[in-house]
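The structure appears below as structure tokens.
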Amino acid sequence: MKMAQDLSFVVLSAMSRTTILFCILVIHLFPCSKGFSAYAVHRQQSYRQPWGHAPLAAANTEPNQPTTDAAPGDKVFNFYTMENGMCPYAARTWITLLELEVPFDLIGVSPMAKEEWFLKINPRNKVPAIQNIEDGTVIYESAICNEYLSDLAREKEKDVVTSAEQNVWKLMPIDASDRAALRLLNDHVDNQLSPAQFTFLMNKDSEKDKEMIGSLEIALEVLEESLTIRGGPYLMGTDFTLADVHVLPFFLRLVVSLKHFKGYDIPQEKCSKLLDWFQLCSERESVKAASKSEEQIIEVYKKFVDMKYKFGGLNKNY
């Protein structure tokens, strides 16, 4: 359904308060270093090629606040994320923007600071948030941001005729049943895999580790099964989709944090396809741009482990 052009803000769903606290705490515990990655330049990063062209060349800009005077063919979106780039929810939308080749400015904000200019963009003070420069639309909540971007990319190429063999267009399946299956996978990640992951990570009673590993591996096997049934190499089959995007930032943190703090490696004999999937996805330029190093993840997660953090209710130990 096409949004009205005179609508200033469209707010779709919201992250829970606990999710906001997670993002705020990461900023507090992991102060911003110089930029986000090789692609970032301090507070603002520009991806300014026309939509549909390669977006990975960064402009050398360093404004304190975003600009909104985009010229034709210039940036289409402002993308707001935490200053240190650590938020895994925002990483989902970062990957999506790059995969869809959407021109955007990447702008670092601090939810803890409640900066007045950002509150005017998003009164709920959340990341990720995206602002459509063309019509003023603001969206937040990573999964909704990503589907909105996919839908908008489809609208811009609505006259393109897809082939009968094509199953995915702009990161979303064409078939309604497949789109529902993708959303169910995302729901599984949010409500089964992530709680199992963080409950095991934060468990202090070693006698419970075996049971928690069992729960984690049951959740992982759902992803392994999807790769098996659909033939891979991606979760929905031959094409990279929003299902892969939804899992990747959290899977990276799972692999790194559980190995370091719990001495746990995902078993090759149970999850060989899933481990191959992770290696394949990790080689994509979009994923590299939005990912953090193992050292950075360990540093921030050590502080979480030491303080018995609840991870927005995902940690079921407390």
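Ordering of the structure tokens sets the chain letters (A, B, ...); residue numbers start at 1 within each chain; ligands are numbered from 1 in the order shown.
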
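Summary of the local environment: counting only C-alpha atoms, residues at most 7 Å from region 274-281 of chain A, other than itself and those fewer than 2 positions away along its chain, are Leu223, Glu224, Pro233, Tyr234, Cys271, Ser272, Glu283 and Arg284 of chain A.
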
Test item: residues at most 10 Å from Ser257 (chain A), only C-alpha atoms, excluding those fewer than 3 positions along its chain, as a tab-separated table (two decimals) with N, CA and C atoms, in the first residue's frame:
chain	number	residue	atom	x	y	z
A	197	GLN	N	20.60	-18.73	23.26
A	197	GLN	CA	21.97	-18.24	23.17
A	197	GLN	C	22.38	-17.47	24.41
A	198	PHE	N	21.58	-16.49	24.79
A	198	PHE	CA	21.98	-15.61	25.89
A	198	PHE	C	21.77	-16.24	27.26
A	201	LEU	N	24.94	-18.32	27.59
A	201	LEU	CA	26.08	-17.44	27.80
A	201	LEU	C	26.15	-16.94	29.24
A	251	PHE	N	24.23	-14.15	15.00
A	251	PHE	CA	24.99	-15.39	14.87
A	251	PHE	C	26.47	-15.12	15.06
A	252	LEU	N	26.96	-14.02	14.53
A	252	LEU	CA	28.36	-13.64	14.74
A	252	LEU	C	28.65	-13.52	16.22
A	253	ARG	N	27.78	-12.86	16.95
A	253	ARG	CA	27.99	-12.68	18.39
A	253	ARG	C	27.87	-14.01	19.12
A	254	LEU	N	27.00	-14.88	18.65
A	254	LEU	CA	26.87	-16.22	19.24
A	254	LEU	C	28.19	-16.98	19.10
A	260	HIS	N	34.44	-17.90	23.42
A	260	HIS	CA	35.35	-17.24	24.34
A	260	HIS	C	34.96	-17.46	25.80
A	261	PHE	N	33.69	-17.31	26.12
A	261	PHE	CA	33.26	-17.34	27.52
A	261	PHE	C	32.81	-18.72	28.01
A	262	LYS	N	32.40	-19.58	27.08
A	262	LYS	CA	31.88	-20.89	27.49
A	262	LYS	C	32.68	-22.06	26.90
A	263	GLY	N	33.65	-21.76	26.05
A	263	GLY	CA	34.42	-22.83	25.43
A	263	GLY	C	33.59	-23.69	24.51
A	264	TYR	N	32.55	-23.11	23.92
A	264	TYR	CA	31.61	-23.87	23.10
A	264	TYR	C	31.77	-23.52	21.63
A	294	GLU	N	36.14	-9.67	16.39
A	294	GLU	CA	36.00	-10.55	17.54
A	294	GLU	C	36.46	-9.86	18.81
A	297	ILE	N	33.77	-7.48	20.08
A	297	ILE	CA	32.63	-8.20	20.64
A	297	ILE	C	32.98	-8.75	22.01
A	298	ILE	N	34.16	-9.34	22.14
A	298	ILE	CA	34.57	-9.91	23.43
A	298	ILE	C	34.68	-8.83	24.48
A	299	GLU	N	35.21	-7.68	24.11
A	299	GLU	CA	35.37	-6.60	25.09
A	299	GLU	C	34.05	-6.14	25.67
A	300	VAL	N	33.06	-5.93	24.81
A	300	VAL	CA	31.78	-5.45	25.32
A	300	VAL	C	31.00	-6.56	26.03
A	301	TYR	N	31.11	-7.79	25.53
A	301	TYR	CA	30.37	-8.89	26.16
A	301	TYR	C	30.97	-9.27	27.50
A	302	LYS	N	32.24	-9.05	27.71
A	302	LYS	CA	32.84	-9.32	29.02
A	302	LYS	C	32.17	-8.48	30.09
A	305	VAL	N	28.76	-10.01	30.81
A	305	VAL	CA	28.86	-11.24	31.61
A	305	VAL	C	29.17	-10.89	33.07

- Note on the structure: From the list A:Glu99, A:Glu141, A:Asp306, A:Glu165, the nearest residue to Val287 (chain A) using only C-alpha atoms is A:Glu99

- Item | Interatomic distance, CA of Glu147 (chain A) to CA of Gln192 (chain A) (Å, one decimal) |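 These two atoms are separated by 21.4 Å.
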
- Atom pair CA of Leu100 (chain A) + CA of Ser286 (chain A), distance 9.8 Å

- Item | Distance of CA of Ser194 (chain A) from CA of Phe304 (chain A), expressed in Å to one decimal place |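 We find that CA of Phe304 (chain A) and CA of Ser194 (chain A) lie 15.3 Å from each other.
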
- Query: Within 12 Å of Phe118 (chain A), counting only C-alpha atoms, which residues qualify if same-chain residues fewer than 2 places away don't, as a PyMOL selection string?
  - Reply: chain A and resi 64-66+78-82+107-116+120-131+138

- Any chance you could list, as number ranges by chain, the residues in region 90-273 of chain A that come up helix (DSSP H, G or I) when DSSP is run on the backbone? A: 90-99, 111-113, 116-121, 142-156, 176-202, 206-230, 242-262, 268-273

- Task: Could you tell me which of A:Glu207, A:Glu101, A:Glu221, A:Glu155 comes closest to His188 (chain A) if we count only C-alpha atoms?
- Result: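 Under the stated criterion, the closest residue is A:Glu221.
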
- Task: From region 35-283 of chain A, collect each residue whose DSSP state is strand (DSSP E or B) and return the set as a VMD selection string.
- Result: chain A and resid 44 to 47 59 77 to 82 104 to 109 129 to 132 138 to 140 168 to 169 172 to 173 234 237

- Query: So which residues touch Arg179 (chain A) within 12 Å, counting only C-alpha atoms, skipping near sequence neighbours fewer than 3 positions away, as a list in words?
  - Reply: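 Selected residues are Glu147, Asn167, Val168, Trp169, Leu171, Met172, Pro173, Ile174, Asp175, Ala176, Leu182, Arg183, Leu184, Leu185, Asn186, Met236, Thr241, Leu242 and Ala243 of chain A.
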